[in-house]
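Peer 1: Just so it is clear, I am handing over my_file.cif, which has mmCIF, C-alpha atoms.
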```cif
data_coords
loop_
_atom_site.label_atom_id
_atom_site.label_comp_id
_atom_site.auth_asym_id
_atom_site.auth_seq_id
_atom_site.Cartn_x
_atom_site.Cartn_y
_atom_site.Cartn_z
CA MET A 829 17.96 -58.52 34.40
CA THR A 830 15.69 -58.29 37.42
CA ALA A 831 12.01 -57.35 37.46
CA TYR A 832 11.16 -54.18 39.38
CA THR A 833 8.07 -52.14 40.08
CA ALA A 834 8.71 -48.42 40.44
CA THR A 835 6.11 -46.14 41.99
CA VAL A 836 6.19 -42.50 40.95
CA THR A 837 4.16 -40.06 43.04
CA VAL A 838 3.58 -36.72 41.33
CA ARG A 839 2.27 -33.83 43.42
CA LEU A 840 1.85 -30.12 42.80
CA LYS A 841 4.54 -27.90 44.31
CA HIS A 842 3.57 -25.97 47.38
CA GLY A 843 1.72 -22.80 46.36
CA VAL A 844 0.55 -24.08 42.97
CA LEU A 845 -3.23 -23.86 42.77
CA ASP A 846 -5.11 -27.15 42.39
CA PRO A 847 -8.59 -26.34 41.06
CA GLU A 848 -9.53 -30.04 40.76
CA ALA A 849 -8.79 -30.67 44.45
CA GLU A 850 -10.62 -27.47 45.38
CA THR A 851 -13.70 -28.63 43.43
CA THR A 852 -13.56 -32.07 45.09
CA LYS A 853 -13.29 -30.44 48.52
CA ARG A 854 -16.30 -28.20 47.84
CA SER A 855 -18.33 -31.15 46.53
CA LEU A 856 -17.62 -33.08 49.74
CA GLU A 857 -18.65 -30.05 51.79
CA ARG A 858 -21.86 -29.79 49.80
CA LEU A 859 -22.55 -33.43 50.76
CA GLY A 860 -22.23 -32.40 54.42
CA PHE A 861 -18.65 -33.49 55.16
CA ASP A 862 -16.41 -31.31 57.27
CA LEU A 863 -12.78 -31.23 56.13
CA GLU A 864 -9.92 -28.78 56.48
CA ALA A 865 -7.94 -29.48 53.32
CA LEU A 866 -7.74 -31.90 50.42
CA ARG A 867 -4.72 -32.50 48.20
CA SER A 868 -4.62 -34.82 45.23
CA THR A 869 -1.61 -36.64 43.81
CA ASP A 870 -1.09 -38.90 40.81
CA ARG A 871 0.69 -42.20 41.17
CA TYR A 872 2.13 -44.38 38.46
CA GLU A 873 3.19 -47.97 39.07
CA ILE A 874 5.64 -49.01 36.38
CA ASP A 875 6.82 -52.59 35.82
CA LEU A 876 10.22 -52.76 34.17
CA GLU A 877 13.37 -54.87 33.99
CA ALA A 878 16.78 -53.51 34.89
CA GLU A 879 20.25 -54.66 35.95
CA SER A 880 19.87 -53.18 39.44
CA ALA A 881 17.48 -51.15 41.58
CA GLY A 882 19.69 -48.12 40.94
CA ASP A 883 19.39 -48.57 37.18
CA ALA A 884 15.60 -48.95 37.47
CA GLU A 885 15.40 -45.77 39.53
CA ALA A 886 17.56 -43.82 37.04
CA GLU A 887 15.37 -45.01 34.14
CA VAL A 888 12.16 -44.07 35.92
CA GLU A 889 13.59 -40.71 36.96
CA GLU A 890 14.15 -39.96 33.29
CA MET A 891 10.52 -41.00 32.55
CA ALA A 892 9.35 -38.60 35.27
CA GLU A 893 11.49 -35.73 33.95
CA ARG A 894 10.48 -36.24 30.34
CA LEU A 895 6.80 -37.12 30.59
CA LEU A 896 5.15 -37.92 33.93
CA ALA A 897 5.87 -34.69 35.80
CA ASN A 898 6.18 -31.07 34.77
CA PRO A 899 9.19 -29.78 36.72
CA THR A 900 7.84 -26.24 36.72
CA ILE A 901 4.81 -27.15 38.84
CA HIS A 902 5.37 -30.70 40.14
CA ASP A 903 7.52 -32.47 42.69
CA TYR A 904 7.87 -36.23 42.45
CA ASP A 905 9.12 -39.18 44.52
CA ILE A 906 10.28 -42.51 43.15
CA ASP A 907 10.16 -45.75 45.06
CA VAL A 908 11.61 -48.94 43.54
CA ALA A 909 10.84 -52.47 44.74
CA GLU A 910 11.80 -55.86 43.39
CA ARG A 911 8.89 -57.70 41.82
CA GLU A 912 8.16 -61.38 42.53
CA MET B 1398 -11.03 -33.55 68.65
CA THR B 1399 -7.75 -34.67 67.12
CA ALA B 1400 -6.29 -33.66 63.76
CA TYR B 1401 -5.83 -36.48 61.26
CA THR B 1402 -4.68 -36.83 57.68
CA ALA B 1403 -6.38 -39.62 55.76
CA THR B 1404 -4.94 -40.90 52.50
CA VAL B 1405 -7.37 -42.48 50.06
CA THR B 1406 -5.88 -44.45 47.17
CA VAL B 1407 -8.33 -45.12 44.36
CA ARG B 1408 -7.40 -47.67 41.70
CA LEU B 1409 -9.29 -49.35 38.90
CA LYS B 1410 -10.50 -52.88 39.62
CA HIS B 1411 -8.58 -55.66 37.95
CA GLY B 1412 -9.81 -56.10 34.38
CA VAL B 1413 -11.17 -52.57 33.98
CA LEU B 1414 -9.53 -50.90 30.98
CA ASP B 1415 -7.43 -47.82 31.71
CA PRO B 1416 -7.03 -45.88 28.43
CA GLU B 1417 -5.15 -43.03 30.13
CA ALA B 1418 -2.49 -45.39 31.50
CA GLU B 1419 -2.29 -47.15 28.13
CA THR B 1420 -1.69 -43.81 26.39
CA THR B 1421 0.99 -42.86 28.94
CA LYS B 1422 2.69 -46.23 28.45
CA ARG B 1423 2.70 -45.82 24.67
CA SER B 1424 4.04 -42.26 24.93
CA LEU B 1425 6.93 -43.50 27.09
CA GLU B 1426 7.63 -46.26 24.56
CA ARG B 1427 7.64 -43.68 21.77
CA LEU B 1428 10.31 -41.78 23.76
CA GLY B 1429 12.41 -44.95 23.71
CA PHE B 1430 11.68 -46.35 27.19
CA ASP B 1431 11.16 -50.05 27.65
CA LEU B 1432 8.48 -50.96 30.20
CA GLU B 1433 6.24 -53.95 30.76
CA ALA B 1434 3.20 -52.33 32.33
CA LEU B 1435 2.00 -49.04 33.75
CA ARG B 1436 -0.89 -48.57 36.15
CA SER B 1437 -2.16 -45.23 37.42
CA THR B 1438 -3.91 -44.52 40.70
CA ASP B 1439 -5.43 -41.40 42.24
CA ARG B 1440 -4.59 -40.39 45.78
CA TYR B 1441 -6.37 -37.91 47.99
CA GLU B 1442 -4.84 -36.58 51.20
CA ILE B 1443 -7.61 -35.25 53.42
CA ASP B 1444 -7.04 -33.21 56.58
CA LEU B 1445 -9.88 -33.51 59.05
CA GLU B 1446 -10.64 -33.49 62.77
CA ALA B 1447 -12.28 -36.42 64.53
CA GLU B 1448 -12.72 -37.93 67.99
CA SER B 1449 -10.58 -40.97 67.11
CA ALA B 1450 -8.69 -42.56 64.23
CA GLY B 1451 -11.62 -44.97 63.82
CA ASP B 1452 -14.07 -42.07 63.49
CA ALA B 1453 -11.80 -40.38 60.94
CA GLU B 1454 -11.57 -43.59 58.93
CA ALA B 1455 -15.36 -44.09 58.98
CA GLU B 1456 -15.90 -40.50 57.82
CA VAL B 1457 -13.40 -40.82 54.98
CA GLU B 1458 -14.82 -44.21 53.97
CA GLU B 1459 -18.17 -42.50 53.48
CA MET B 1460 -16.46 -39.78 51.37
CA ALA B 1461 -14.91 -42.51 49.22
CA GLU B 1462 -18.21 -44.34 48.78
CA ARG B 1463 -20.17 -41.21 47.98
CA LEU B 1464 -17.76 -39.22 45.84
CA LEU B 1465 -14.11 -40.21 45.50
CA ALA B 1466 -14.52 -43.73 44.12
CA ASN B 1467 -17.02 -45.41 41.85
CA PRO B 1468 -17.63 -48.81 43.48
CA THR B 1469 -18.53 -50.37 40.13
CA ILE B 1470 -15.04 -49.87 38.70
CA HIS B 1471 -12.78 -48.81 41.59
CA ASP B 1472 -11.17 -50.34 44.66
CA TYR B 1473 -9.87 -48.05 47.35
CA ASP B 1474 -7.65 -48.15 50.47
CA ILE B 1475 -7.76 -45.73 53.36
CA ASP B 1476 -4.84 -44.96 55.62
CA VAL B 1477 -5.28 -42.62 58.62
CA ALA B 1478 -2.44 -40.93 60.49
CA GLU B 1479 -2.42 -38.38 63.28
CA ARG B 1480 -1.32 -34.93 62.14
CA GLU B 1481 1.21 -32.83 64.07
#
```
Any chance you could put this one into structure tokens?
Peer 2:
Amino acid sequence: MTAYTATVTVRLKHGVLDPEAETTKRSLERLGFDLEALRSTDRYEIDLEAESAGDAEAEVEEMAERLLANPTIHDYDIDVAERE
Amino acid sequence: MTAYTATVTVRLKHGVLDPEAETTKRSLERLGFDLEALRSTDRYEIDLEAESAGDAEAEVEEMAERLLANPTIHDYDIDVAERE
């Protein structure tokens, strides 16, 4: 078994409203900042052991499908790296 | 003025408890997944215009200090890229 760290980035699909990001953007504008857009994403870094990078990715993809992301509103990316 | 997208990654400092990540980890374990650790980070992608990448970074650093991160418990990284 090899030690891996998988990074899962979960973002809202295009067109899904993000009221939290909208509030953050307005708060920054109220502080005097000038910005065109703000998007927020969640990232999870998961340490796990697996036989191969492919196995680690498959395992983490199942975690994303079952818990970390809601496929109706979210897209996600998975990135797997070997851990020292 | 040039269009930039700045990415701010906000993570808890080492040693600061993260009950949300702990709950997510336990939920995954309850679903039968085997993982060693789970860390969560917040990411903001900010579209803004600035004279230079350095100016954009300085502006976003001030946003992080004033609103996006709490310097007592968070570390943050900023990454600036030119936008098409």
Peer 1: May I ask which of the residues B:Asp1472, B:Glu1426, B:Glu1446, B:Glu1462 is the closest one to B:Leu1409, counting all atoms listed in the file?
Peer 2: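 Using all atoms listed in the file, B:Leu1409 sits closest to B:Asp1472.
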Peer 1: Determine, for each residue of chain B having at least one atom at most 6 Å from an atom of chain A, the closest pair of atoms and their separation in Å to one decimal, counting only C-alpha atoms; order by chain and ascending number, as JSON lines.
Peer 2:
```
{"residue": "B:Leu1432", "atom": "CA", "partner": "A:Leu876", "partner_atom": "CA", "distance": 4.7}
{"residue": "B:Glu1433", "atom": "CA", "partner": "A:Asp875", "partner_atom": "CA", "distance": 5.3}
{"residue": "B:Ala1434", "atom": "CA", "partner": "A:Asp875", "partner_atom": "CA", "distance": 5.0}
{"residue": "B:Leu1435", "atom": "CA", "partner": "A:Ile874", "partner_atom": "CA", "distance": 4.5}
{"residue": "B:Arg1436", "atom": "CA", "partner": "A:Glu873", "partner_atom": "CA", "distance": 5.1}
{"residue": "B:Ser1437", "atom": "CA", "partner": "A:Tyr872", "partner_atom": "CA", "distance": 4.5}
{"residue": "B:Thr1438", "atom": "CA", "partner": "A:Arg871", "partner_atom": "CA", "distance": 5.2}
{"residue": "B:Asp1439", "atom": "CA", "partner": "A:Asp870", "partner_atom": "CA", "distance": 5.2}
{"residue": "B:Arg1440", "atom": "CA", "partner": "A:Thr869", "partner_atom": "CA", "distance": 5.2}
{"residue": "B:Tyr1441", "atom": "CA", "partner": "A:Ser868", "partner_atom": "CA", "distance": 4.5}
{"residue": "B:Glu1442", "atom": "CA", "partner": "A:Arg867", "partner_atom": "CA", "distance": 5.1}
{"residue": "B:Ile1443", "atom": "CA", "partner": "A:Leu866", "partner_atom": "CA", "distance": 4.5}
{"residue": "B:Asp1444", "atom": "CA", "partner": "A:Ala865", "partner_atom": "CA", "distance": 5.0}
{"residue": "B:Leu1445", "atom": "CA", "partner": "A:Leu863", "partner_atom": "CA", "distance": 4.7}
```
Peer 1: Residues of the last selection are to be written out with C-alpha atoms, as a CSV table (one decimal), keeping the file's coordinate frame.
Peer 2:
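Output below, filename result_13.csv:
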```csv
chain,number,residue,atom,x,y,z
B,1432,LEU,CA,8.5,-51.0,30.2
B,1433,GLU,CA,6.2,-54.0,30.8
B,1434,ALA,CA,3.2,-52.3,32.3
B,1435,LEU,CA,2.0,-49.0,33.8
B,1436,ARG,CA,-0.9,-48.6,36.2
B,1437,SER,CA,-2.2,-45.2,37.4
B,1438,THR,CA,-3.9,-44.5,40.7
B,1439,ASP,CA,-5.4,-41.4,42.2
B,1440,ARG,CA,-4.6,-40.4,45.8
B,1441,TYR,CA,-6.4,-37.9,48.0
B,1442,GLU,CA,-4.8,-36.6,51.2
B,1443,ILE,CA,-7.6,-35.2,53.4
B,1444,ASP,CA,-7.0,-33.2,56.6
B,1445,LEU,CA,-9.9,-33.5,59.0
```
Peer 1: What are the coordinates of chain B as a PDB file with C-alpha atoms, in the coordinates of the input following a least-squares fit to chain A on all in-order C-alpha atoms?
Peer 2:
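Contents of superposed_33.pdb, freshly written:
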```pdb
ATOM      1  CA  MET B1398      17.962 -58.540  34.402  1.00  0.00           C
ATOM      2  CA  THR B1399      15.678 -58.299  37.415  1.00  0.00           C
ATOM      3  CA  ALA B1400      11.997 -57.354  37.468  1.00  0.00           C
ATOM      4  CA  TYR B1401      11.145 -54.192  39.388  1.00  0.00           C
ATOM      5  CA  THR B1402       8.055 -52.135  40.080  1.00  0.00           C
ATOM      6  CA  ALA B1403       8.701 -48.417  40.434  1.00  0.00           C
ATOM      7  CA  THR B1404       6.114 -46.130  41.988  1.00  0.00           C
ATOM      8  CA  VAL B1405       6.203 -42.489  40.946  1.00  0.00           C
ATOM      9  CA  THR B1406       4.172 -40.044  43.032  1.00  0.00           C
ATOM     10  CA  VAL B1407       3.594 -36.708  41.335  1.00  0.00           C
ATOM     11  CA  ARG B1408       2.269 -33.812  43.410  1.00  0.00           C
ATOM     12  CA  LEU B1409       1.864 -30.112  42.796  1.00  0.00           C
ATOM     13  CA  LYS B1410       4.561 -27.892  44.293  1.00  0.00           C
ATOM     14  CA  HIS B1411       3.582 -25.944  47.367  1.00  0.00           C
ATOM     15  CA  GLY B1412       1.727 -22.788  46.345  1.00  0.00           C
ATOM     16  CA  VAL B1413       0.551 -24.082  42.966  1.00  0.00           C
ATOM     17  CA  LEU B1414      -3.242 -23.858  42.760  1.00  0.00           C
ATOM     18  CA  ASP B1415      -5.103 -27.147  42.382  1.00  0.00           C
ATOM     19  CA  PRO B1416      -8.605 -26.356  41.043  1.00  0.00           C
ATOM     20  CA  GLU B1417      -9.531 -30.045  40.759  1.00  0.00           C
ATOM     21  CA  ALA B1418      -8.796 -30.677  44.445  1.00  0.00           C
ATOM     22  CA  GLU B1419     -10.635 -27.476  45.378  1.00  0.00           C
ATOM     23  CA  THR B1420     -13.704 -28.640  43.438  1.00  0.00           C
ATOM     24  CA  THR B1421     -13.558 -32.079  45.094  1.00  0.00           C
ATOM     25  CA  LYS B1422     -13.287 -30.447  48.522  1.00  0.00           C
ATOM     26  CA  ARG B1423     -16.293 -28.220  47.842  1.00  0.00           C
ATOM     27  CA  SER B1424     -18.337 -31.159  46.530  1.00  0.00           C
ATOM     28  CA  LEU B1425     -17.621 -33.096  49.739  1.00  0.00           C
ATOM     29  CA  GLU B1426     -18.642 -30.056  51.795  1.00  0.00           C
ATOM     30  CA  ARG B1427     -21.865 -29.806  49.798  1.00  0.00           C
ATOM     31  CA  LEU B1428     -22.551 -33.453  50.760  1.00  0.00           C
ATOM     32  CA  GLY B1429     -22.239 -32.410  54.404  1.00  0.00           C
ATOM     33  CA  PHE B1430     -18.661 -33.517  55.164  1.00  0.00           C
ATOM     34  CA  ASP B1431     -16.428 -31.327  57.259  1.00  0.00           C
ATOM     35  CA  LEU B1432     -12.787 -31.262  56.141  1.00  0.00           C
ATOM     36  CA  GLU B1433      -9.933 -28.812  56.498  1.00  0.00           C
ATOM     37  CA  ALA B1434      -7.958 -29.491  53.340  1.00  0.00           C
ATOM     38  CA  LEU B1435      -7.750 -31.905  50.440  1.00  0.00           C
ATOM     39  CA  ARG B1436      -4.724 -32.492  48.242  1.00  0.00           C
ATOM     40  CA  SER B1437      -4.615 -34.808  45.240  1.00  0.00           C
ATOM     41  CA  THR B1438      -1.608 -36.623  43.831  1.00  0.00           C
ATOM     42  CA  ASP B1439      -1.075 -38.870  40.818  1.00  0.00           C
ATOM     43  CA  ARG B1440       0.701 -42.183  41.172  1.00  0.00           C
ATOM     44  CA  TYR B1441       2.145 -44.365  38.459  1.00  0.00           C
ATOM     45  CA  GLU B1442       3.190 -47.962  39.080  1.00  0.00           C
ATOM     46  CA  ILE B1443       5.643 -49.009  36.386  1.00  0.00           C
ATOM     47  CA  ASP B1444       6.816 -52.583  35.820  1.00  0.00           C
ATOM     48  CA  LEU B1445      10.209 -52.768  34.173  1.00  0.00           C
ATOM     49  CA  GLU B1446      13.355 -54.887  34.004  1.00  0.00           C
ATOM     50  CA  ALA B1447      16.778 -53.527  34.901  1.00  0.00           C
ATOM     51  CA  GLU B1448      20.244 -54.682  35.948  1.00  0.00           C
ATOM     52  CA  SER B1449      19.860 -53.191  39.444  1.00  0.00           C
ATOM     53  CA  ALA B1450      17.469 -51.162  41.580  1.00  0.00           C
ATOM     54  CA  GLY B1451      19.687 -48.125  40.934  1.00  0.00           C
ATOM     55  CA  ASP B1452      19.386 -48.600  37.165  1.00  0.00           C
ATOM     56  CA  ALA B1453      15.606 -48.961  37.465  1.00  0.00           C
ATOM     57  CA  GLU B1454      15.406 -45.780  39.524  1.00  0.00           C
ATOM     58  CA  ALA B1455      17.556 -43.834  37.032  1.00  0.00           C
ATOM     59  CA  GLU B1456      15.377 -45.028  34.142  1.00  0.00           C
ATOM     60  CA  VAL B1457      12.152 -44.072  35.903  1.00  0.00           C
ATOM     61  CA  GLU B1458      13.601 -40.709  36.960  1.00  0.00           C
ATOM     62  CA  GLU B1459      14.154 -39.953  33.285  1.00  0.00           C
ATOM     63  CA  MET B1460      10.528 -40.986  32.539  1.00  0.00           C
ATOM     64  CA  ALA B1461       9.353 -38.589  35.251  1.00  0.00           C
ATOM     65  CA  GLU B1462      11.479 -35.724  33.945  1.00  0.00           C
ATOM     66  CA  ARG B1463      10.481 -36.247  30.338  1.00  0.00           C
ATOM     67  CA  LEU B1464       6.804 -37.122  30.590  1.00  0.00           C
ATOM     68  CA  LEU B1465       5.165 -37.906  33.925  1.00  0.00           C
ATOM     69  CA  ALA B1466       5.892 -34.666  35.780  1.00  0.00           C
ATOM     70  CA  ASN B1467       6.186 -31.045  34.769  1.00  0.00           C
ATOM     71  CA  PRO B1468       9.206 -29.767  36.729  1.00  0.00           C
ATOM     72  CA  THR B1469       7.843 -26.216  36.713  1.00  0.00           C
ATOM     73  CA  ILE B1470       4.814 -27.124  38.828  1.00  0.00           C
ATOM     74  CA  HIS B1471       5.375 -30.668  40.136  1.00  0.00           C
ATOM     75  CA  ASP B1472       7.536 -32.459  42.681  1.00  0.00           C
ATOM     76  CA  TYR B1473       7.884 -36.200  42.443  1.00  0.00           C
ATOM     77  CA  ASP B1474       9.148 -39.168  44.508  1.00  0.00           C
ATOM     78  CA  ILE B1475      10.292 -42.496  43.155  1.00  0.00           C
ATOM     79  CA  ASP B1476      10.181 -45.741  45.076  1.00  0.00           C
ATOM     80  CA  VAL B1477      11.608 -48.947  43.542  1.00  0.00           C
ATOM     81  CA  ALA B1478      10.840 -52.462  44.755  1.00  0.00           C
ATOM     82  CA  GLU B1479      11.788 -55.862  43.403  1.00  0.00           C
ATOM     83  CA  ARG B1480       8.867 -57.709  41.829  1.00  0.00           C
ATOM     84  CA  GLU B1481       8.119 -61.377  42.549  1.00  0.00           C
TER      85      GLU B1481
END
```
Peer 1: When the PyMOL selection byres ((chain A and resi 879) around 7) is applied to the structure above, which residues does it catch, written out as a PDB file with C-alpha atoms, keeping the file's coordinate frame?
Peer 2:
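What ended up in result_20.pdb:
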```
ATOM      1  CA  MET A 829      17.960 -58.520  34.400  1.00  0.00           C
ATOM      2  CA  THR A 830      15.690 -58.290  37.420  1.00  0.00           C
ATOM      3  CA  ALA A 878      16.780 -53.510  34.890  1.00  0.00           C
ATOM      4  CA  SER A 880      19.870 -53.180  39.440  1.00  0.00           C
ATOM      5  CA  ASP A 883      19.390 -48.570  37.180  1.00  0.00           C
TER       6      ASP A 883
END
```
Peer 1: To one decimal place, how far is atom CA of B:Ala1453 from atom CA of B:Ala1466 in Å?
Peer 2: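 For atom CA of B:Ala1453 relative to atom CA of B:Ala1466, the distance reads 17.4 Å.
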Peer 1: What is the distance, in Å and to one decimal place, between atom CA of B:His1411 and atom CA of B:Tyr1473?
Peer 2: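 Rounded to one decimal, the two atoms are 12.2 Å apart.
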Peer 1: If the PyMOL selection byres ((chain A and resi 901) around 8) is run on the structure shown, which residues does it catch, given as a list of chain:residue names?
Peer 2: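 On the file shown, the PyMOL selection byres ((chain A and resi 901) around 8) covers A:Leu840, A:Lys841, A:Val844, A:Asn898, A:Pro899, A:Thr900, A:His902, A:Asp903.
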Peer 1: How about saving the chosen residues, C-alpha atoms kept, as a PDB file, keeping the file's coordinate frame?
Peer 2:
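Wrote it out as again.pdb, contents follow:
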```
ATOM      1  CA  LEU A 840       1.850 -30.120  42.800  1.00  0.00           C
ATOM      2  CA  LYS A 841       4.540 -27.900  44.310  1.00  0.00           C
ATOM      3  CA  VAL A 844       0.550 -24.080  42.970  1.00  0.00           C
ATOM      4  CA  ASN A 898       6.180 -31.070  34.770  1.00  0.00           C
ATOM      5  CA  PRO A 899       9.190 -29.780  36.720  1.00  0.00           C
ATOM      6  CA  THR A 900       7.840 -26.240  36.720  1.00  0.00           C
ATOM      7  CA  HIS A 902       5.370 -30.700  40.140  1.00  0.00           C
ATOM      8  CA  ASP A 903       7.520 -32.470  42.690  1.00  0.00           C
TER       9      ASP A 903
END
```
Peer 1: In Å, with one decimal, what is the gap from atom CA of A:Gly882 to atom CA of A:Asp905?
Peer 2: 14.3 Å
Peer 1: Taking all atoms listed in the file into account, name the residue in B:Gly1412, B:Val1407, B:Arg1423, B:Glu1417 that is nearest to B:Ile1475.
Peer 2: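 Smallest distance to B:Ile1475 is found for B:Val1407.
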